[in-house]
file protein.json (JSON, C-alpha atoms)
[["chain", "number", "residue", "atom", "x", "y", "z"],
["K", 120, "MET", "CA", -4.10, 17.46, -0.95],
["K", 121, "ALA", "CA", -4.96, 16.94, 2.70],
["K", 122, "ASN", "CA", -3.01, 14.14, 4.33],
["K", 123, "GLY", "CA", -3.52, 12.81, 7.85],
["K", 124, "ARG", "CA", -0.01, 11.77, 8.75],
["K", 125, "LYS", "CA", 1.00, 10.33, 12.09],
["K", 126, "LEU", "CA", 4.38, 9.07, 10.98],
["K", 127, "CYS", "CA", 5.51, 12.32, 9.46],
["K", 128, "THR", "CA", 4.22, 15.67, 8.33],
["K", 129, "THR", "CA", 7.02, 16.44, 5.91],
["K", 130, "PHE", "CA", 10.31, 14.84, 4.97],
["K", 131, "ILE", "CA", 12.16, 17.94, 6.11],
["K", 132, "GLY", "CA", 10.29, 17.94, 9.40],
["K", 133, "LEU", "CA", 11.38, 14.41, 10.10],
["K", 134, "ARG", "CA", 14.95, 15.18, 9.17],
["K", 135, "HIS", "CA", 14.93, 17.87, 11.85],
["K", 136, "ALA", "CA", 13.17, 15.50, 14.21],
["K", 137, "LEU", "CA", 15.94, 12.97, 13.90],
["K", 138, "LEU", "CA", 18.50, 15.61, 14.75],
["K", 139, "SER", "CA", 16.75, 16.47, 17.99],
["K", 140, "GLN", "CA", 15.68, 13.79, 20.45],
["K", 141, "ASN", "CA", 13.57, 16.46, 22.18],
["K", 142, "ASN", "CA", 11.51, 17.07, 19.07],
["K", 143, "HIS", "CA", 7.85, 16.35, 19.82],
["K", 144, "ALA", "CA", 7.06, 14.84, 16.41],
["K", 145, "TYR", "CA", 9.94, 12.39, 16.66],
["K", 146, "ARG", "CA", 9.12, 11.38, 20.22],
["K", 147, "GLN", "CA", 5.55, 10.56, 19.18],
["K", 148, "LEU", "CA", 6.83, 7.75, 16.96],
["K", 149, "SER", "CA", 7.25, 4.26, 18.39],
["K", 150, "HIS", "CA", 10.77, 2.87, 18.71],
["K", 151, "ARG", "CA", 10.12, 0.62, 15.71],
["K", 152, "GLN", "CA", 9.00, 3.57, 13.59],
["K", 153, "GLN", "CA", 11.97, 5.69, 14.70],
["K", 154, "THR", "CA", 14.35, 2.98, 13.51],
["K", 155, "ILE", "CA", 12.60, 2.66, 10.14],
["K", 156, "VAL", "CA", 12.51, 6.42, 9.61],
["K", 157, "SER", "CA", 16.20, 6.74, 10.45],
["K", 158, "GLN", "CA", 17.17, 4.08, 7.90],
["K", 159, "ALA", "CA", 15.05, 5.62, 5.13],
["K", 160, "LEU", "CA", 16.01, 9.24, 5.70],
["K", 161, "PHE", "CA", 19.72, 8.61, 5.72],
["K", 162, "SER", "CA", 19.85, 6.43, 2.61],
["K", 163, "THR", "CA", 22.97, 7.43, 0.68],
["K", 164, "SER", "CA", 21.76, 7.48, -2.93],
["K", 165, "GLN", "CA", 18.85, 9.31, -4.53],
["K", 166, "LYS", "CA", 19.08, 7.20, -7.66],
["K", 167, "HIS", "CA", 18.84, 3.85, -5.90],
["K", 168, "TYR", "CA", 18.69, 3.05, -2.24],
["K", 169, "THR", "CA", 18.24, -0.30, -0.56],
["K", 170, "ASP", "CA", 19.96, -2.55, 1.92],
["K", 171, "SER", "CA", 19.28, -5.85, 3.62],
["K", 172, "ASN", "CA", 16.90, -4.15, 6.08],
["K", 173, "GLN", "CA", 14.80, -2.30, 3.55],
["K", 174, "TYR", "CA", 11.67, -3.55, 1.87],
["K", 175, "VAL", "CA", 11.09, -0.84, -0.75],
["K", 176, "ILE", "CA", 13.63, -0.43, -3.55],
["K", 177, "VAL", "CA", 13.57, 2.97, -5.22],
["K", 178, "GLU", "CA", 15.03, 3.41, -8.69],
["K", 179, "LYS", "CA", 14.89, 6.13, -11.30],
["K", 180, "ASP", "CA", 13.72, 5.14, -14.77],
["K", 181, "PRO", "CA", 17.01, 5.21, -16.74],
["K", 182, "LYS", "CA", 15.19, 6.73, -19.72],
["K", 183, "ASN", "CA", 13.21, 9.34, -17.80],
["K", 184, "ASP", "CA", 14.44, 11.07, -14.62],
["K", 185, "ALA", "CA", 10.91, 12.31, -13.92],
["K", 186, "VAL", "CA", 9.75, 8.75, -13.26],
["K", 187, "ALA", "CA", 10.65, 6.53, -10.31],
["K", 188, "ILE", "CA", 10.09, 2.81, -9.94],
["K", 189, "LEU", "CA", 9.17, 1.49, -6.50],
["K", 190, "LYS", "CA", 9.73, -2.24, -6.02],
["K", 191, "LEU", "CA", 8.25, -4.05, -3.04],
["K", 192, "ASN", "CA", 10.94, -6.40, -1.79],
["K", 193, "ARG", "CA", 9.85, -8.24, 1.33],
["K", 194, "LYS", "CA", 10.17, -11.95, 0.67],
["K", 195, "PRO", "CA", 8.47, -14.30, 0.39],
["K", 196, "VAL", "CA", 5.18, -12.53, -0.47],
["K", 197, "ASN", "CA", 5.58, -8.78, 0.19],
["K", 198, "GLY", "CA", 3.42, -8.97, 3.29],
["K", 199, "LEU", "CA", 2.49, -5.45, 4.38],
["K", 200, "ASN", "CA", 3.94, -4.88, 7.84],
["K", 201, "VAL", "CA", 4.77, -1.68, 9.74],
["K", 202, "GLN", "CA", 8.26, -1.42, 8.26],
["K", 203, "LEU", "CA", 7.29, -1.89, 4.62],
["K", 204, "LEU", "CA", 4.35, 0.51, 4.91],
["K", 205, "THR", "CA", 6.49, 3.14, 6.64],
["K", 206, "GLU", "CA", 9.18, 2.86, 3.97],
["K", 207, "LEU", "CA", 6.55, 3.15, 1.24],
["K", 208, "ASN", "CA", 5.09, 6.26, 2.87],
["K", 209, "ILE", "CA", 8.50, 7.94, 3.20],
["K", 210, "ALA", "CA", 9.62, 6.95, -0.31],
["K", 211, "LEU", "CA", 6.50, 8.48, -1.84],
["K", 212, "GLU", "CA", 6.95, 11.70, 0.12],
["K", 213, "LYS", "CA", 10.58, 12.01, -0.94],
["K", 214, "LEU", "CA", 9.66, 11.38, -4.57],
["K", 215, "GLU", "CA", 7.08, 14.18, -4.51],
["K", 216, "GLU", "CA", 10.07, 16.52, -4.36],
["K", 217, "THR", "CA", 12.02, 14.96, -7.25],
["K", 218, "SER", "CA", 9.64, 13.14, -9.61],
["K", 219, "ARG", "CA", 6.41, 13.52, -11.55],
["K", 220, "GLY", "CA", 5.40, 9.87, -11.73],
["K", 221, "VAL", "CA", 5.97, 6.58, -9.94],
["K", 222, "ILE", "CA", 5.44, 2.96, -10.97],
["K", 223, "LEU", "CA", 4.70, 0.55, -8.13],
["K", 224, "THR", "CA", 5.70, -3.06, -8.77],
["K", 225, "SER", "CA", 7.32, -6.07, -7.10],
["K", 226, "ALA", "CA", 10.88, -7.36, -6.95],
["K", 227, "VAL", "CA", 9.59, -10.74, -5.73],
["K", 228, "PRO", "CA", 8.72, -13.25, -8.49],
["K", 229, "ASN", "CA", 5.06, -14.14, -9.02],
["K", 230, "ILE", "CA", 3.70, -11.89, -6.28],
["K", 231, "PHE", "CA", 2.73, -8.22, -6.27],
["K", 232, "SER", "CA", 1.70, -8.28, -2.62],
["K", 233, "ALA", "CA", -0.15, -10.90, -0.61],
["K", 234, "GLY", "CA", -1.68, -8.13, 1.48],
["K", 235, "LEU", "CA", -1.58, -7.40, 5.18],
["K", 236, "ASP", "CA", 0.94, -9.36, 7.22],
["K", 237, "ILE", "CA", -1.20, -11.62, 9.44],
["K", 238, "ALA", "CA", 1.61, -11.66, 12.00],
["K", 239, "GLU", "CA", 0.90, -7.96, 12.65],
["K", 240, "MET", "CA", -2.62, -8.92, 13.74],
["K", 241, "TYR", "CA", -2.20, -12.27, 15.48],
["K", 242, "GLN", "CA", -1.49, -12.50, 19.21],
["K", 243, "ARG", "CA", -0.55, -8.84, 19.40],
["K", 244, "LYS", "CA", -1.11, -6.23, 22.10],
["K", 245, "PRO", "CA", -3.76, -3.56, 21.41],
["K", 246, "GLU", "CA", -1.13, -0.82, 21.11],
["K", 247, "GLU", "CA", 0.67, -2.91, 18.47],
["K", 248, "THR", "CA", -2.44, -3.43, 16.34],
["K", 249, "ASP", "CA", -3.25, 0.26, 16.78],
["K", 250, "GLU", "CA", 0.20, 1.17, 15.45],
["K", 251, "PHE", "CA", -0.08, -1.24, 12.53],
["K", 252, "TRP", "CA", -3.48, 0.04, 11.46],
["K", 253, "SER", "CA", -2.46, 3.68, 11.79],
["K", 254, "THR", "CA", 0.60, 2.99, 9.63],
["K", 255, "LEU", "CA", -1.58, 1.35, 6.98],
["K", 256, "GLN", "CA", -4.00, 4.30, 7.03],
["K", 257, "ASP", "CA", -1.13, 6.74, 6.54],
["K", 258, "ALA", "CA", 0.38, 4.76, 3.66],
["K", 259, "TRP", "CA", -2.99, 4.57, 1.90],
["K", 260, "ILE", "CA", -3.66, 8.29, 2.36],
["K", 261, "ARG", "CA", -0.22, 9.04, 0.95],
["K", 262, "LEU", "CA", -0.63, 6.76, -2.09],
["K", 263, "TYR", "CA", -4.28, 7.42, -2.89],
["K", 264, "GLY", "CA", -3.84, 11.17, -2.50],
["K", 265, "SER", "CA", -0.41, 11.47, -4.09],
["K", 266, "PRO", "CA", 0.11, 14.39, -6.48],
["K", 267, "LEU", "CA", 2.38, 12.05, -8.43],
["K", 268, "ILE", "CA", 1.13, 10.05, -11.40],
["K", 269, "THR", "CA", 0.88, 6.59, -9.83],
["K", 270, "MET", "CA", 0.82, 3.36, -11.79],
["K", 271, "ALA", "CA", 0.68, -0.23, -10.59],
["K", 272, "ALA", "CA", 2.61, -2.79, -12.65],
["K", 273, "ILE", "CA", 1.00, -5.90, -11.19],
["K", 274, "ASN", "CA", 3.46, -8.70, -11.93],
["K", 275, "GLY", "CA", 2.03, -11.35, -9.64],
["K", 276, "HIS", "CA", -0.79, -12.31, -7.29],
["K", 277, "SER", "CA", -2.49, -9.35, -5.61],
["K", 278, "PRO", "CA", -5.07, -10.31, -2.98],
["K", 279, "ALA", "CA", -6.50, -8.14, -0.18],
["K", 280, "GLY", "CA", -4.07, -5.35, 0.78],
["K", 281, "GLY", "CA", -2.15, -5.92, -2.45],
["K", 282, "CYS", "CA", -5.34, -5.18, -4.35],
["K", 283, "LEU", "CA", -5.84, -2.05, -2.23],
["K", 284, "LEU", "CA", -2.39, -0.75, -3.19],
["K", 285, "ALA", "CA", -3.10, -1.39, -6.87],
["K", 286, "MET", "CA", -6.54, 0.27, -6.76],
["K", 287, "SER", "CA", -5.01, 3.31, -5.08],
["K", 288, "CYS", "CA", -2.94, 4.03, -8.18],
["K", 289, "ASP", "CA", -4.14, 6.07, -11.16],
["K", 290, "TYR", "CA", -3.57, 3.23, -13.63],
["K", 291, "ARG", "CA", -3.12, -0.53, -13.39],
["K", 292, "CYS", "CA", -1.67, -3.08, -15.80],
["K", 293, "MET", "CA", -1.56, -6.75, -14.84],
["K", 294, "ALA", "CA", 0.27, -9.82, -16.07],
["K", 295, "ARG", "CA", -1.95, -12.42, -17.71],
["K", 296, "GLY", "CA", -1.83, -16.08, -16.76],
["K", 297, "LYS", "CA", -2.14, -17.67, -13.33],
["K", 298, "TYR", "CA", -2.26, -14.46, -11.28],
["K", 299, "THR", "CA", -5.37, -13.15, -9.48],
["K", 300, "ILE", "CA", -6.45, -9.93, -7.79],
["K", 301, "GLY", "CA", -9.26, -8.95, -5.43],
["K", 302, "LEU", "CA", -10.36, -8.10, -1.90],
["K", 303, "ASN", "CA", -10.90, -11.56, -0.40],
["K", 304, "GLU", "CA", -11.16, -10.59, 3.29],
["K", 305, "THR", "CA", -14.49, -12.35, 3.88],
["K", 306, "LYS", "CA", -12.87, -15.71, 3.14],
["K", 307, "LEU", "CA", -10.67, -15.13, 6.20],
["K", 308, "GLY", "CA", -13.64, -14.09, 8.34],
["K", 309, "ILE", "CA", -12.58, -10.43, 8.15],
["K", 310, "VAL", "CA", -14.71, -7.47, 7.05],
["K", 311, "ALA", "CA", -13.12, -4.95, 4.68],
["K", 312, "PRO", "CA", -13.01, -1.49, 6.33],
["K", 313, "PHE", "CA", -15.05, 1.33, 4.86],
["K", 314, "TRP", "CA", -12.10, 2.95, 3.07],
["K", 315, "PHE", "CA", -11.21, -0.34, 1.33],
["K", 316, "ILE", "CA", -14.86, -0.49, 0.24],
["K", 317, "ASP", "CA", -14.89, 3.14, -0.92],
["K", 318, "THR", "CA", -11.68, 2.65, -2.91],
["K", 319, "MET", "CA", -13.15, -0.37, -4.69],
["K", 320, "LYS", "CA", -16.48, 1.40, -5.33],
["K", 321, "ASN", "CA", -14.60, 4.30, -6.89],
["K", 322, "THR", "CA", -12.80, 1.79, -9.12],
["K", 323, "ILE", "CA", -15.46, -0.69, -10.27],
["K", 324, "GLY", "CA", -18.79, 0.73, -9.10],
["K", 325, "ASP", "CA", -21.27, -0.11, -6.34],
["K", 326, "ARG", "CA", -22.85, -3.31, -7.66],
["K", 327, "GLU", "CA", -19.62, -5.07, -8.64],
["K", 328, "THR", "CA", -18.10, -4.06, -5.31],
["K", 329, "GLU", "CA", -21.06, -5.44, -3.37],
["K", 330, "LYS", "CA", -20.75, -8.81, -5.08],
["K", 331, "ALA", "CA", -16.96, -8.90, -4.96],
["K", 332, "LEU", "CA", -16.70, -8.10, -1.25],
["K", 333, "GLN", "CA", -19.46, -10.45, -0.07],
["K", 334, "LEU", "CA", -18.03, -13.33, -2.08],
["K", 335, "GLY", "CA", -14.39, -12.48, -1.47],
["K", 336, "SER", "CA", -13.93, -12.76, -5.24],
["K", 337, "MET", "CA", -10.51, -13.15, -6.82],
["K", 338, "TYR", "CA", -10.23, -12.27, -10.50],
["K", 339, "THR", "CA", -7.88, -13.30, -13.28],
["K", 340, "ALA", "CA", -6.28, -10.43, -15.16],
["K", 341, "GLU", "CA", -8.81, -10.74, -18.00],
["K", 342, "GLN", "CA", -11.76, -10.83, -15.58],
["K", 343, "ALA", "CA", -10.35, -7.85, -13.68],
["K", 344, "GLN", "CA", -10.04, -5.87, -16.90],
["K", 345, "ARG", "CA", -13.64, -6.60, -17.84],
["K", 346, "ILE", "CA", -14.96, -5.04, -14.61],
["K", 347, "GLY", "CA", -12.46, -2.15, -14.61],
["K", 348, "LEU", "CA", -10.33, -3.40, -11.74],
["K", 349, "VAL", "CA", -7.29, -3.21, -14.03],
["K", 350, "ASP", "CA", -6.85, -1.15, -17.18],
["K", 351, "ASP", "CA", -4.53, -3.31, -19.27],
["K", 352, "VAL", "CA", -3.44, -6.94, -19.48],
["K", 353, "CYS", "CA", -0.11, -7.99, -20.94],
["K", 354, "ASP", "CA", 2.51, -10.72, -20.90],
["K", 355, "PRO", "CA", 4.39, -10.99, -17.57],
["K", 356, "SER", "CA", 7.63, -9.85, -19.21],
["K", 357, "GLU", "CA", 5.95, -6.68, -20.51],
["K", 358, "VAL", "CA", 4.18, -5.38, -17.39],
["K", 359, "LEU", "CA", 6.77, -2.75, -16.50],
["K", 360, "ASN", "CA", 7.24, -1.63, -20.11],
["K", 361, "THR", "CA", 3.47, -1.32, -20.52],
["K", 362, "ALA", "CA", 3.30, 0.91, -17.45],
["K", 363, "LYS", "CA", 6.18, 3.03, -18.76],
["K", 364, "ALA", "CA", 4.47, 3.48, -22.12],
["K", 365, "GLU", "CA", 1.24, 4.55, -20.41],
["K", 366, "MET", "CA", 3.19, 6.89, -18.15],
["K", 367, "SER", "CA", 4.51, 8.77, -21.18],
["K", 368, "LYS", "CA", 0.90, 9.68, -22.09],
["K", 369, "TRP", "CA", 0.10, 10.99, -18.62],
["K", 370, "LEU", "CA", 3.30, 13.05, -18.49],
["K", 371, "LYS", "CA", 2.05, 15.11, -21.42],
["K", 372, "ILE", "CA", -0.74, 16.54, -19.24],
["K", 373, "PRO", "CA", 0.13, 19.71, -17.27],
["K", 374, "ASP", "CA", 0.67, 18.71, -13.63],
["K", 375, "HIS", "CA", -1.43, 21.48, -12.11],
["K", 376, "ALA", "CA", -4.56, 20.53, -14.07],
["K", 377, "ARG", "CA", -4.11, 16.80, -13.48],
["K", 378, "ILE", "CA", -3.43, 17.20, -9.74],
["K", 379, "LEU", "CA", -6.45, 19.46, -9.18],
["K", 380, "THR", "CA", -8.66, 17.02, -11.08],
["K", 381, "LYS", "CA", -7.36, 14.07, -9.07],
["K", 382, "GLU", "CA", -7.88, 15.96, -5.83],
["K", 383, "ALA", "CA", -11.46, 16.81, -6.77],
["K", 384, "MET", "CA", -12.14, 13.14, -7.51],
["K", 385, "ARG", "CA", -10.50, 11.67, -4.43],
["K", 386, "LYS", "CA", -10.55, 14.20, -1.59],
["K", 387, "GLU", "CA", -14.00, 13.18, -0.31],
["K", 388, "THR", "CA", -12.87, 9.57, 0.12],
["K", 389, "ILE", "CA", -9.61, 10.63, 1.78],
["K", 390, "ASN", "CA", -11.22, 13.17, 4.09],
["K", 391, "LYS", "CA", -13.74, 10.57, 5.20],
["K", 392, "LEU", "CA", -10.94, 8.41, 6.61],
["K", 393, "ILE", "CA", -9.02, 11.37, 8.05],
["K", 394, "SER", "CA", -12.10, 12.44, 10.00],
["K", 395, "LYS", "CA", -12.62, 8.92, 11.34],
["K", 396, "LYS", "CA", -9.06, 7.69, 11.82],
["K", 397, "LYS", "CA", -9.23, 7.17, 15.57],
["K", 398, "GLU", "CA", -12.56, 5.38, 15.55],
["K", 399, "ASP", "CA", -11.42, 3.24, 12.61],
["K", 400, "ILE", "CA", -8.31, 2.20, 14.57],
["K", 401, "TYR", "CA", -10.45, 1.45, 17.64],
["K", 402, "TYR", "CA", -12.88, -0.62, 15.58],
["K", 403, "PHE", "CA", -10.07, -2.56, 13.90],
["K", 404, "THR", "CA", -8.28, -3.43, 17.13],
["K", 405, "SER", "CA", -11.54, -4.35, 18.89],
["K", 406, "PHE", "CA", -12.53, -6.58, 15.98],
["K", 407, "ILE", "CA", -9.20, -8.23, 15.20],
["K", 408, "LEU", "CA", -8.48, -9.15, 18.83],
["K", 409, "LYS", "CA", -11.80, -10.94, 19.29],
["K", 410, "GLU", "CA", -11.23, -14.55, 20.29],
["K", 411, "SER", "CA", -13.13, -15.90, 17.27],
["K", 412, "ILE", "CA", -11.10, -13.75, 14.84],
["K", 413, "GLN", "CA", -7.82, -14.68, 16.50],
["K", 414, "ARG", "CA", -8.79, -18.32, 16.19],
["K", 415, "SER", "CA", -9.51, -17.88, 12.46],
["K", 416, "LEU", "CA", -6.19, -16.11, 11.92],
["K", 417, "GLY", "CA", -4.36, -18.85, 13.83],
["K", 418, "MET", "CA", -5.97, -21.54, 11.67],
["K", 419, "TYR", "CA", -5.00, -19.63, 8.54],
["K", 420, "LEU", "CA", -1.37, -19.35, 9.66],
["K", 421, "GLU", "CA", -1.30, -23.07, 10.43],
["K", 422, "SER", "CA", -2.66, -23.84, 6.96],
["K", 423, "LEU", "CA", 0.18, -21.79, 5.45],
["K", 424, "LYS", "CA", 2.70, -23.80, 7.46],
["K", 425, "VAL", "CA", 1.18, -27.03, 6.16],
["K", 426, "LYS", "CA", 1.33, -25.82, 2.56],
["K", 427, "LYS", "CA", 4.95, -24.80, 3.03],
["K", 428, "ALA", "CA", 5.83, -28.18, 4.52],
["K", 429, "VAL", "CA", 4.16, -30.00, 1.62],
["K", 430, "LYS", "CA", 6.13, -27.94, -0.92],
["K", 431, "ASN", "CA", 9.38, -28.70, 0.87]]
call {"tool": "encode", "arguments": {"input": "protein.json", "output": "structure tokens"}}
result
Amino acid sequence: MANGRKLCTTFIGLRHALLSQNNHAYRQLSHRQQTIVSQALFSTSQKHYTDSNQYVIVEKDPKNDAVAILKLNRKPVNGLNVQLLTELNIALEKLEETSRGVILTSAVPNIFSAGLDIAEMYQRKPEETDEFWSTLQDAWIRLYGSPLITMAAINGHSPAGGCLLAMSCDYRCMARGKYTIGLNETKLGIVAPFWFIDTMKNTIGDRETEKALQLGSMYTAEQAQRIGLVDDVCDPSEVLNTAKAEMSKWLKIPDHARILTKEAMRKETINKLISKKKEDIYYFTSFILKESIQRSLGMYLESLKVKKAVKN
């Protein structure tokens, strides 16, 4: 499946890049990306690799070596920043060589992912917001177009970018109770980009998407299941097991037939972004750095500080 990758073309290519400082592909990466790539590529264990600087824990399912479990692990809310997104991109590429399926979940209690890290968008230089948005594009292309069977075990709140990650998977199960999911960008004064919109339309249809995006709707697990945003609802303690049970069904399908079918369904959406990556980055940076948007983001960050102070 076509993938527009700025961070890396192949895992092997990046391995060679790291061994040669004169390599063009490696030199195209920012210093921050070079550091992240170095840490991920030289992880010592294929079965489980993580350290205090890594935000994506990769484990093999102890009962099935063909399945990997990816756990987002950036406290407190799994905010999607350049490092987490880069690690996710690299982990998925590495797993394409060793696995047939992957379950995406969270190692942080009560949160799947709170979405994009506002700090990556607030009071930043244009080249920094460009880098952030490009990294997000690449991670989405990798996940949405992955030849792997991808399942989201949503074990906590999943607004905005967290919802995007979940929708990008082939199957979604969500914990019932207090948790919610949805693209709520309009409530922050932000407009969802076209590829967020396309992903949601492909998941729940045009009319539901139109209402959901204009209202910034957040859904309970039961509400999300009714509109097709998630496939199954279960007790919080059973989310991962539910995903594993569903995975066993998908693994019975021959990979070549499943992958070609997935590609046929998703390639138009992916190619649309690939063809417009640069203009999408330009639009994002131009929009997010507007004074009015920066003011809204600043107010939102202050409100989070107030909530944190009240809790403490």
call {"tool": "closest_residue", "arguments": {"input": "protein.json", "among": "K:Pro181, K:Leu416, K:Ala279, K:Ala271", "to": "Pro312 of chain K", "atoms": "only C-alpha atoms"}}
result
K:Ala279
call {"tool": "residues_around", "arguments": {"input": "protein.json", "residues": "Glu341 of chain K", "least_positions_apart": "5", "cutoff": "10 Å", "atoms": "all atoms listed in the file", "output": "number ranges by chain"}}
result
K: 293-296, 299, 346-353
call {"tool": "closest_residue", "arguments": {"input": "protein.json", "among": "K:Leu267, K:Leu191, K:Leu334, K:Ala364", "to": "Glu382 of chain K", "atoms": "only C-alpha atoms"}}
result
K:Leu267
call {"tool": "residues_around", "arguments": {"input": "protein.json", "residues": "segment 222-228 of chain K", "least_positions_apart": "3", "cutoff": "10 Å", "atoms": "only C-alpha atoms", "output": "MDAnalysis selection string"}}
result
chainID K and resid 174:180 186:197 207 231:232 267:276 284:285 288 290:291 358:359 362:363 366
call {"tool": "closest_residue", "arguments": {"input": "protein.json", "among": "K:Ile393, K:Cys292, K:Val310, K:Ile407", "to": "Asp354 of chain K", "atoms": "only C-alpha atoms"}}
result
K:Cys292
call {"tool": "residues_around", "arguments": {"input": "protein.json", "residues": "Pro245 of chain K", "least_positions_apart": "4", "cutoff": "8 Å", "atoms": "only C-alpha atoms", "output": "PyMOL selection string"}}
result
chain K and resi 249+404+408
call {"tool": "write_last_selection", "arguments": {"input": "protein.json", "atoms": "C-alpha atoms", "output": "compact mmCIF listing (two decimals), in the frame of the given file"}}
result
# COMPACT_ATOMS: atom_id res chain seq x y z
CA ASP K 249 -3.25 0.26 16.78
CA THR K 404 -8.28 -3.43 17.13
CA LEU K 408 -8.48 -9.15 18.83
call {"tool": "residues_around", "arguments": {"input": "protein.json", "residues": "Met337 of chain K", "least_positions_apart": "6", "cutoff": "9 Å", "atoms": "all atoms listed in the file", "output": "compact mmCIF listing (two decimals) with C-alpha atoms, in the coordinates of the input"}}
result
# COMPACT_ATOMS: atom_id res chain seq x y z
CA SER K 277 -2.49 -9.35 -5.61
CA PRO K 278 -5.07 -10.31 -2.98
CA THR K 299 -5.37 -13.15 -9.48
CA ILE K 300 -6.45 -9.93 -7.79
CA GLY K 301 -9.26 -8.95 -5.43
CA LEU K 302 -10.36 -8.10 -1.90
CA ASN K 303 -10.90 -11.56 -0.40
CA ALA K 331 -16.96 -8.90 -4.96
CA ALA K 343 -10.35 -7.85 -13.68
call {"tool": "atom_distance", "arguments": {"input": "protein.json", "atom1": "atom CA of Asn229 of chain K", "atom2": "atom CA of Tyr298 of chain K"}}
result
7.7 Å
call {"tool": "atom_distance", "arguments": {"input": "protein.json", "atom1": "atom CA of Thr305 of chain K", "atom2": "atom CA of Tyr338 of chain K"}}
result
15.0 Å
call {"tool": "residues_around", "arguments": {"input": "protein.json", "residues": "Arg243 of chain K", "least_positions_apart": "3", "cutoff": "12 Å", "atoms": "all atoms listed in the file", "output": "number ranges by chain"}}
result
K: 237-240, 246-251, 404-405, 407-409, 413, 416
call {"tool": "closest_residue", "arguments": {"input": "protein.json", "among": "K:Leu379, K:Ala185, K:Ile323, K:Val201", "to": "Gln256 of chain K", "atoms": "all atoms listed in the file"}}
result
K:Val201
call {"tool": "closest_residue", "arguments": {"input": "protein.json", "among": "K:Ser422, K:Thr361, K:Gln342, K:Thr388", "to": "Met319 of chain K", "atoms": "only C-alpha atoms"}}
result
K:Thr388
call {"tool": "atom_distance", "arguments": {"input": "protein.json", "atom1": "atom CA of Ile309 of chain K", "atom2": "atom CA of Glu410 of chain K"}}
result
12.9 Å
